[in-house]
$ cat start23.cif   # mmCIF, C-alpha atoms
data_target
loop_
_atom_site.group_PDB
_atom_site.id
_atom_site.type_symbol
_atom_site.label_atom_id
_atom_site.label_comp_id
_atom_site.auth_asym_id
_atom_site.auth_seq_id
_atom_site.Cartn_x
_atom_site.Cartn_y
_atom_site.Cartn_z
ATOM 1 C CA MET H 1 -68.150 -117.837 45.381
ATOM 2 C CA ASP H 2 -67.137 -119.181 48.803
ATOM 3 C CA ALA H 3 -64.363 -116.599 48.989
ATOM 4 C CA ALA H 4 -66.791 -113.825 48.072
ATOM 5 C CA LEU H 5 -69.288 -114.961 50.710
ATOM 6 C CA GLU H 6 -66.538 -115.139 53.308
ATOM 7 C CA LEU H 7 -65.421 -111.619 52.425
ATOM 8 C CA LEU H 8 -69.013 -110.396 52.625
ATOM 9 C CA HIS H 9 -69.469 -112.094 55.990
ATOM 10 C CA ASP H 10 -66.276 -110.506 57.336
ATOM 11 C CA THR H 11 -67.436 -107.102 56.104
ATOM 12 C CA ILE H 12 -70.924 -107.453 57.556
ATOM 13 C CA SER H 13 -69.503 -108.696 60.860
ATOM 14 C CA SER H 14 -67.311 -105.600 61.216
ATOM 15 C CA PRO H 15 -68.433 -102.934 63.728
ATOM 16 C CA TRP H 16 -68.216 -100.428 60.867
ATOM 17 C CA VAL H 17 -71.235 -102.052 59.236
ATOM 18 C CA TYR H 18 -73.552 -100.048 61.485
ATOM 19 C CA LEU H 19 -72.089 -96.763 60.298
ATOM 20 C CA ALA H 20 -72.308 -97.969 56.704
ATOM 21 C CA LEU H 21 -75.971 -98.965 57.091
ATOM 22 C CA PHE H 22 -76.769 -95.596 58.660
ATOM 23 C CA ALA H 23 -75.040 -93.696 55.835
ATOM 24 C CA ILE H 24 -76.710 -95.763 53.111
ATOM 25 C CA ALA H 25 -80.159 -95.243 54.640
ATOM 26 C CA VAL H 26 -79.546 -91.492 54.948
ATOM 27 C CA VAL H 27 -78.456 -91.052 51.331
ATOM 28 C CA ASP H 28 -81.295 -93.239 50.057
ATOM 29 C CA GLY H 29 -83.760 -90.876 51.713
ATOM 30 C CA PHE H 30 -83.041 -88.076 49.255
ATOM 31 C CA PHE H 31 -81.064 -89.844 46.507
ATOM 32 C CA PRO H 32 -83.038 -93.031 45.726
ATOM 33 C CA VAL H 33 -80.315 -94.750 43.735
ATOM 34 C CA VAL H 34 -78.612 -96.177 46.798
ATOM 35 C CA PRO H 35 -80.172 -99.601 47.607
ATOM 36 C CA SER H 36 -80.799 -99.263 51.333
ATOM 37 C CA GLU H 37 -83.242 -102.198 51.434
ATOM 38 C CA THR H 38 -80.633 -104.503 49.944
ATOM 39 C CA ALA H 39 -78.032 -103.446 52.508
ATOM 40 C CA VAL H 40 -80.392 -103.864 55.463
ATOM 41 C CA ILE H 41 -81.713 -107.215 54.219
ATOM 42 C CA THR H 42 -78.142 -108.454 53.711
ATOM 43 C CA ALA H 43 -77.236 -107.435 57.257
ATOM 44 C CA GLY H 44 -80.367 -109.207 58.484
ATOM 45 C CA VAL H 45 -79.357 -112.429 56.717
ATOM 46 C CA PHE H 46 -75.996 -112.526 58.463
ATOM 47 C CA ALA H 47 -77.555 -111.419 61.754
ATOM 48 C CA ALA H 48 -79.051 -114.927 61.887
ATOM 49 C CA THR H 49 -75.505 -116.168 62.567
ATOM 50 C CA GLY H 50 -75.066 -113.780 65.500
ATOM 51 C CA GLN H 51 -73.170 -110.962 63.824
ATOM 52 C CA PRO H 52 -74.163 -108.219 63.241
ATOM 53 C CA ASP H 53 -76.643 -107.649 66.050
ATOM 54 C CA LEU H 54 -80.219 -107.629 64.715
ATOM 55 C CA PRO H 55 -81.631 -104.930 67.069
ATOM 56 C CA LEU H 56 -78.710 -102.642 66.214
ATOM 57 C CA VAL H 57 -79.250 -103.225 62.492
ATOM 58 C CA ILE H 58 -82.899 -102.254 62.893
ATOM 59 C CA GLY H 59 -82.016 -99.218 64.995
ATOM 60 C CA VAL H 60 -79.352 -97.717 62.742
ATOM 61 C CA ALA H 61 -81.386 -98.419 59.599
ATOM 62 C CA ALA H 62 -84.450 -96.714 61.073
ATOM 63 C CA LEU H 63 -82.434 -93.749 62.332
ATOM 64 C CA GLY H 64 -80.716 -93.346 58.964
ATOM 65 C CA ALA H 65 -84.049 -93.491 57.157
ATOM 66 C CA LEU H 66 -85.465 -90.855 59.504
ATOM 67 C CA VAL H 67 -82.545 -88.507 58.908
ATOM 68 C CA GLY H 68 -82.612 -89.058 55.129
ATOM 69 C CA ASP H 69 -86.333 -88.372 54.944
ATOM 70 C CA HIS H 70 -85.854 -85.113 56.826
ATOM 71 C CA VAL H 71 -83.120 -84.073 54.407
ATOM 72 C CA SER H 72 -85.547 -84.705 51.537
ATOM 73 C CA TYR H 73 -88.279 -82.811 53.403
ATOM 74 C CA ALA H 74 -85.935 -79.843 53.932
ATOM 75 C CA ILE H 75 -84.980 -79.796 50.249
ATOM 76 C CA GLY H 76 -88.640 -79.717 49.295
ATOM 77 C CA ARG H 77 -89.505 -77.096 51.897
ATOM 78 C CA HIS H 78 -86.761 -74.664 50.930
ATOM 79 C CA GLY H 79 -86.601 -75.270 47.200
ATOM 80 C CA GLY H 80 -89.788 -76.990 46.119
ATOM 81 C CA ALA H 81 -92.141 -74.507 47.765
ATOM 82 C CA ARG H 82 -90.857 -71.676 45.563
ATOM 83 C CA LEU H 83 -91.312 -73.792 42.452
ATOM 84 C CA LEU H 84 -94.890 -74.617 43.437
ATOM 85 C CA ASP H 85 -95.639 -70.956 44.087
ATOM 86 C CA ARG H 86 -94.578 -70.129 40.539
ATOM 87 C CA VAL H 87 -97.134 -72.481 39.026
ATOM 88 C CA PRO H 88 -99.809 -70.396 37.214
ATOM 89 C CA ARG H 89 -103.009 -69.937 39.192
ATOM 90 C CA ASP H 90 -105.097 -71.503 36.472
ATOM 91 C CA GLY H 91 -104.599 -74.672 34.493
ATOM 92 C CA ARG H 92 -104.086 -78.356 35.163
ATOM 93 C CA ARG H 93 -100.732 -78.003 36.911
ATOM 94 C CA ARG H 94 -102.176 -75.683 39.540
ATOM 95 C CA ALA H 95 -105.143 -78.026 39.988
ATOM 96 C CA ALA H 96 -102.746 -80.950 40.484
ATOM 97 C CA VAL H 97 -100.763 -78.975 43.062
ATOM 98 C CA ASP H 98 -103.931 -78.063 44.937
ATOM 99 C CA ARG H 99 -105.097 -81.683 44.950
ATOM 100 C CA ALA H 100 -101.703 -82.783 46.289
ATOM 101 C CA ARG H 101 -101.918 -80.214 49.076
ATOM 102 C CA ARG H 102 -105.392 -81.396 50.076
ATOM 103 C CA GLY H 103 -104.458 -85.066 49.937
ATOM 104 C CA ILE H 104 -101.341 -84.619 52.078
ATOM 105 C CA ALA H 105 -103.209 -82.387 54.534
ATOM 106 C CA VAL H 106 -105.865 -85.066 55.086
ATOM 107 C CA ARG H 107 -103.933 -88.332 54.721
ATOM 108 C CA GLY H 108 -100.324 -87.245 55.054
ATOM 109 C CA GLY H 109 -99.461 -89.860 57.674
ATOM 110 C CA LEU H 110 -100.877 -92.756 55.662
ATOM 111 C CA ILE H 111 -99.216 -91.543 52.485
ATOM 112 C CA LEU H 112 -95.834 -91.210 54.185
ATOM 113 C CA THR H 113 -96.026 -94.606 55.878
ATOM 114 C CA VAL H 114 -97.013 -96.502 52.737
ATOM 115 C CA ALA H 115 -94.511 -94.645 50.545
ATOM 116 C CA ARG H 116 -91.586 -95.697 52.757
ATOM 117 C CA TYR H 117 -92.009 -99.224 51.386
ATOM 118 C CA VAL H 118 -91.894 -98.038 47.757
ATOM 119 C CA PRO H 119 -88.304 -97.333 46.604
ATOM 120 C CA GLY H 120 -88.230 -93.923 44.958
ATOM 121 C CA GLY H 121 -91.813 -93.247 45.958
ATOM 122 C CA ARG H 122 -90.811 -92.218 49.476
ATOM 123 C CA THR H 123 -88.470 -89.533 48.120
ATOM 124 C CA ALA H 124 -91.208 -88.058 45.957
ATOM 125 C CA VAL H 125 -93.591 -87.990 48.919
ATOM 126 C CA THR H 126 -91.138 -86.433 51.381
ATOM 127 C CA LEU H 127 -90.121 -83.787 48.840
ATOM 128 C CA THR H 128 -93.768 -82.966 48.176
ATOM 129 C CA MET H 129 -94.582 -82.817 51.868
ATOM 130 C CA GLY H 130 -91.772 -80.349 52.359
ATOM 131 C CA ALA H 131 -92.803 -78.300 49.339
ATOM 132 C CA THR H 132 -96.422 -78.126 50.500
ATOM 133 C CA ARG H 133 -95.217 -77.200 54.016
ATOM 134 C CA PHE H 134 -96.704 -80.167 55.822
ATOM 135 C CA PRO H 135 -96.287 -79.413 59.564
ATOM 136 C CA ARG H 136 -92.793 -80.404 60.648
ATOM 137 C CA ARG H 137 -93.849 -81.923 63.975
ATOM 138 C CA ARG H 138 -96.491 -84.102 62.341
ATOM 139 C CA PHE H 139 -93.964 -85.116 59.702
ATOM 140 C CA LEU H 140 -91.497 -86.129 62.430
ATOM 141 C CA ALA H 141 -94.098 -88.213 64.264
ATOM 142 C CA PHE H 142 -95.369 -90.059 61.204
ATOM 143 C CA ASP H 143 -91.907 -90.488 59.714
ATOM 144 C CA ALA H 144 -90.537 -91.926 62.950
ATOM 145 C CA LEU H 145 -93.242 -94.592 62.806
ATOM 146 C CA ALA H 146 -92.627 -95.235 59.100
ATOM 147 C CA ALA H 147 -88.841 -95.460 59.516
ATOM 148 C CA ALA H 148 -89.069 -97.754 62.552
ATOM 149 C CA THR H 149 -91.452 -100.185 60.878
ATOM 150 C CA TRP H 150 -89.416 -100.114 57.654
ATOM 151 C CA GLY H 151 -86.174 -100.860 59.503
ATOM 152 C CA ALA H 152 -87.759 -103.724 61.434
ATOM 153 C CA TYR H 153 -89.405 -105.128 58.313
ATOM 154 C CA SER H 154 -86.291 -105.004 56.101
ATOM 155 C CA ALA H 155 -83.969 -106.501 58.703
ATOM 156 C CA SER H 156 -86.490 -109.168 59.720
ATOM 157 C CA VAL H 157 -87.014 -110.259 56.119
ATOM 158 C CA GLY H 158 -83.287 -110.871 55.822
ATOM 159 C CA TYR H 159 -83.160 -112.539 59.218
ATOM 160 C CA LEU H 160 -85.879 -114.988 58.209
ATOM 161 C CA GLY H 161 -83.932 -115.834 55.078
ATOM 162 C CA GLY H 162 -80.804 -116.373 57.158
ATOM 163 C CA LEU H 163 -82.635 -118.722 59.494
ATOM 164 C CA ALA H 164 -84.251 -120.659 56.648
ATOM 165 C CA PHE H 165 -80.923 -121.177 54.863
ATOM 166 C CA GLU H 166 -78.509 -121.091 57.773
ATOM 167 C CA ARG H 167 -75.812 -123.009 55.917
ATOM 168 C CA ASP H 168 -76.323 -121.241 52.607
ATOM 169 C CA PRO H 169 -76.161 -117.429 53.066
ATOM 170 C CA LEU H 170 -76.508 -116.812 49.337
ATOM 171 C CA ARG H 171 -79.872 -118.551 49.209
ATOM 172 C CA GLY H 172 -80.897 -116.751 52.364
ATOM 173 C CA LEU H 173 -80.060 -113.424 50.748
ATOM 174 C CA LEU H 174 -81.941 -114.309 47.578
ATOM 175 C CA PHE H 175 -84.911 -115.424 49.674
ATOM 176 C CA GLY H 176 -84.937 -112.147 51.594
ATOM 177 C CA LEU H 177 -84.613 -109.990 48.479
ATOM 178 C CA GLY H 178 -87.304 -112.021 46.714
ATOM 179 C CA LEU H 179 -89.692 -111.654 49.643
ATOM 180 C CA ALA H 180 -89.110 -107.893 49.805
ATOM 181 C CA LEU H 181 -89.652 -107.588 46.062
ATOM 182 C CA THR H 182 -92.879 -109.568 46.336
ATOM 183 C CA VAL H 183 -94.222 -107.244 49.032
ATOM 184 C CA THR H 184 -93.334 -104.200 46.923
ATOM 185 C CA LEU H 185 -95.095 -105.686 43.899
ATOM 186 C CA VAL H 186 -98.178 -106.429 45.990
ATOM 187 C CA VAL H 187 -98.300 -102.798 47.147
ATOM 188 C CA GLU H 188 -97.979 -101.567 43.572
ATOM 189 C CA VAL H 189 -100.663 -103.951 42.308
ATOM 190 C CA VAL H 190 -103.054 -102.819 45.040
ATOM 191 C CA ARG H 191 -102.418 -99.196 44.087
ATOM 192 C CA TRP H 192 -103.023 -99.969 40.406
ATOM 193 C CA VAL H 193 -106.240 -101.892 41.084
ATOM 194 C CA ARG H 194 -107.604 -99.152 43.315
ATOM 195 C CA GLY H 195 -106.676 -96.554 40.706
ATOM 196 C CA ARG H 196 -108.495 -98.442 37.961
ATOM 197 C CA ARG H 197 -111.558 -98.923 40.147
ATOM 198 C CA ALA H 198 -111.690 -95.237 41.083
ATOM 199 C CA ALA H 199 -111.266 -94.270 37.422
ATOM 200 C CA ARG H 200 -114.266 -96.425 36.474
ATOM 201 C CA ILE H 201 -116.330 -94.850 39.241
ATOM 202 C CA ARG H 202 -115.426 -91.342 38.068
ATOM 203 C CA ALA H 203 -116.229 -92.245 34.472
ATOM 204 C CA ALA H 204 -119.633 -93.589 35.528
ATOM 205 C CA ARG H 205 -120.359 -90.407 37.455
ATOM 206 C CA VAL H 206 -119.429 -88.281 34.464
ATOM 207 C CA LEU H 207 -121.838 -90.237 32.281
ATOM 208 C CA THR H 208 -124.623 -89.759 34.813
ATOM 209 C CA GLY H 209 -123.852 -86.062 35.255
ATOM 210 C CA ASP H 210 -122.762 -86.385 38.896
ATOM 211 C CA PRO H 211 -120.910 -83.120 39.788
ATOM 212 C CA SER H 212 -118.741 -84.973 42.303
ATOM 213 C CA SER H 213 -116.999 -86.800 39.461
ATOM 214 C CA THR H 214 -114.338 -84.090 39.192
ATOM 215 C CA ALA H 215 -114.092 -83.244 42.876
ATOM 216 C CA GLY H 216 -111.154 -85.497 43.664
ATOM 217 C CA VAL H 217 -108.479 -87.567 42.041
ATOM 218 C CA ASN H 218 -107.200 -90.977 42.926
ATOM 219 C CA ARG H 219 -103.625 -91.978 43.582
ATOM 220 C CA GLY H 220 -104.120 -95.586 44.654
ATOM 221 C CA PRO H 221 -103.967 -95.607 48.454
ATOM 222 C CA PHE H 222 -103.178 -91.885 48.236
ATOM 223 C CA LEU H 223 -106.791 -91.003 47.558
ATOM 224 C CA THR H 224 -107.376 -87.263 47.427
ATOM 225 C CA PRO H 225 -110.809 -86.355 48.820
ATOM 226 C CA PRO H 226 -113.031 -83.625 47.470
ATOM 227 C CA PRO H 227 -112.505 -80.071 48.745
ATOM 228 C CA GLY H 228 -113.753 -79.591 52.279
ATOM 229 C CA ALA H 229 -113.689 -83.313 53.109
ATOM 230 C CA ARG H 230 -112.132 -84.210 56.460
#

$ encode --input "start23.cif" --output "structure tokens"
Amino acid sequence: MDAALELLHDTISSPWVYLALFAIAVVDGFFPVVPSETAVITAGVFAATGQPDLPLVIGVAALGALVGDHVSYAIGRHGGARLLDRVPRDGRRRAAVDRARRGIAVRGGLILTVARYVPGGRTAVTLTMGATRFPRRRFLAFDALAAATWGAYSASVGYLGGLAFERDPLRGLLFGLGLALTVTLVVEVVRWVRGRRAARIRAARVLTGDPSSTAGVNRGPFLTPPPGAR
């Protein structure tokens, strides 16, 4: 175990680690099998010892995430839009597409920012934003904020673990990964609770004959408002 930790430390301390972090974050943006959070948190843990440099870890991780998200957006814009256009004009699938368009048009920035902290969820959101032709400049602005905060958060979580267990990097890494997992679970629980609450409200409106009961659909924090709402 000591030999493995020493090898990991030597690898993380190499100048090439910045290029590796950038590449991992890029690929994770459109192929969510690559564990970018784990890589950034690991780099943050060892940054507590002085190498690698924490600001550089945050910078390259954020830049890689920004590039990866734009790759996903481009895939959705050039491929997904045609698929959406082929959806029949009537039926549930078309209604779902229309609700997604309205939700992203109204709360696209919030959706994108929150989704960056949900592995896999961010890829689905960026693909959908591209497919629904969310304005590219607005996407860049919101995604830059999301990527910067995500990079700072992931690296800082690892850094805190490295400081707390300065002489035991393995425990520091486990602490950082556990903290990140806890935050992700909290986000998911909040989404689930809000979804259940909105479902109960809609059900009550249906029973009382309220016509607004079918005007929107809930997606946790990605709440789609009724048509015309701004």

$ closest_residue --input "start23.cif" --among "H:Gly59, H:Gly103, H:Pro15, H:Pro35" --to "Ala148 of chain H" --atoms "all atoms listed in the file"
H:Gly59

$ atom_distance --input "start23.cif" --atom1 "atom CA of Thr128 of chain H" --atom2 "atom CA of Asp28 of chain H"
16.3 Å

$ closest_residue --input "start23.cif" --among "H:Val106, H:Leu56, H:Leu66, H:Ile75" --to "Ala141 of chain H" --atoms "only C-alpha atoms"
H:Leu66

$ residues_around --input "start23.cif" --residues "Val125 of chain H" --least-positions-apart "4" --cutoff "9 Å" --atoms "all atoms listed in the file" --output "number ranges by chain"
H: 73, 111-112, 115-116, 120-121, 129-130

$ residues_around --input "start23.cif" --residues "Ala61 of chain H" --least-positions-apart "5" --cutoff "12 Å" --atoms "all atoms listed in the file" --output "PyMOL selection string"
chain H and resi 17-29+36-41+43-44+54-56+66-68+144+146-156

$ resolve_selection --input "start23.cif" --expression "the PyMOL selection byres ((chain H and resi 74) around 12)" --output "PDB file with C-alpha atoms, in the coordinates of the input"
ATOM      1  CA  GLY H  29     -83.760 -90.876  51.713  1.00  0.00           C
ATOM      2  CA  PHE H  30     -83.041 -88.076  49.255  1.00  0.00           C
ATOM      3  CA  VAL H  67     -82.545 -88.507  58.908  1.00  0.00           C
ATOM      4  CA  GLY H  68     -82.612 -89.058  55.129  1.00  0.00           C
ATOM      5  CA  ASP H  69     -86.333 -88.372  54.944  1.00  0.00           C
ATOM      6  CA  HIS H  70     -85.854 -85.113  56.826  1.00  0.00           C
ATOM      7  CA  VAL H  71     -83.120 -84.073  54.407  1.00  0.00           C
ATOM      8  CA  SER H  72     -85.547 -84.705  51.537  1.00  0.00           C
ATOM      9  CA  TYR H  73     -88.279 -82.811  53.403  1.00  0.00           C
ATOM     10  CA  ILE H  75     -84.980 -79.796  50.249  1.00  0.00           C
ATOM     11  CA  GLY H  76     -88.640 -79.717  49.295  1.00  0.00           C
ATOM     12  CA  ARG H  77     -89.505 -77.096  51.897  1.00  0.00           C
ATOM     13  CA  HIS H  78     -86.761 -74.664  50.930  1.00  0.00           C
ATOM     14  CA  GLY H  79     -86.601 -75.270  47.200  1.00  0.00           C
ATOM     15  CA  GLY H  80     -89.788 -76.990  46.119  1.00  0.00           C
ATOM     16  CA  ALA H  81     -92.141 -74.507  47.765  1.00  0.00           C
ATOM     17  CA  THR H 123     -88.470 -89.533  48.120  1.00  0.00           C
ATOM     18  CA  THR H 126     -91.138 -86.433  51.381  1.00  0.00           C
ATOM     19  CA  LEU H 127     -90.121 -83.787  48.840  1.00  0.00           C
ATOM     20  CA  THR H 128     -93.768 -82.966  48.176  1.00  0.00           C
ATOM     21  CA  MET H 129     -94.582 -82.817  51.868  1.00  0.00           C
ATOM     22  CA  GLY H 130     -91.772 -80.349  52.359  1.00  0.00           C
ATOM     23  CA  ALA H 131     -92.803 -78.300  49.339  1.00  0.00           C
ATOM     24  CA  THR H 132     -96.422 -78.126  50.500  1.00  0.00           C
ATOM     25  CA  ARG H 133     -95.217 -77.200  54.016  1.00  0.00           C
ATOM     26  CA  PHE H 134     -96.704 -80.167  55.822  1.00  0.00           C
ATOM     27  CA  PRO H 135     -96.287 -79.413  59.564  1.00  0.00           C
ATOM     28  CA  ARG H 136     -92.793 -80.404  60.648  1.00  0.00           C
ATOM     29  CA  PHE H 139     -93.964 -85.116  59.702  1.00  0.00           C
ATOM     30  CA  LEU H 140     -91.497 -86.129  62.430  1.00  0.00           C
TER      31      LEU H 140
END

$ atom_distance --input "start23.cif" --atom1 "atom CA of Leu160 of chain H" --atom2 "atom CA of Pro119 of chain H"
21.3 Å

$ atom_distance --input "start23.cif" --atom1 "atom CA of Pro32 of chain H" --atom2 "atom CA of Ala65 of chain H"
11.5 Å

$ closest_residue --input "start23.cif" --among "H:Val34, H:Leu63, H:Leu163, H:Val118" --to "Phe46 of chain H" --atoms "only C-alpha atoms"
H:Leu163

$ axis_aligned_box --input "start23.cif" --around "segment 64-80 of chain H" --padding-each-side "5 Å" --output "JSON"
{"center_x": -85.3, "center_y": -84.1, "center_z": 52.8, "size_x": 19.1, "size_y": 28.8, "size_z": 23.4}
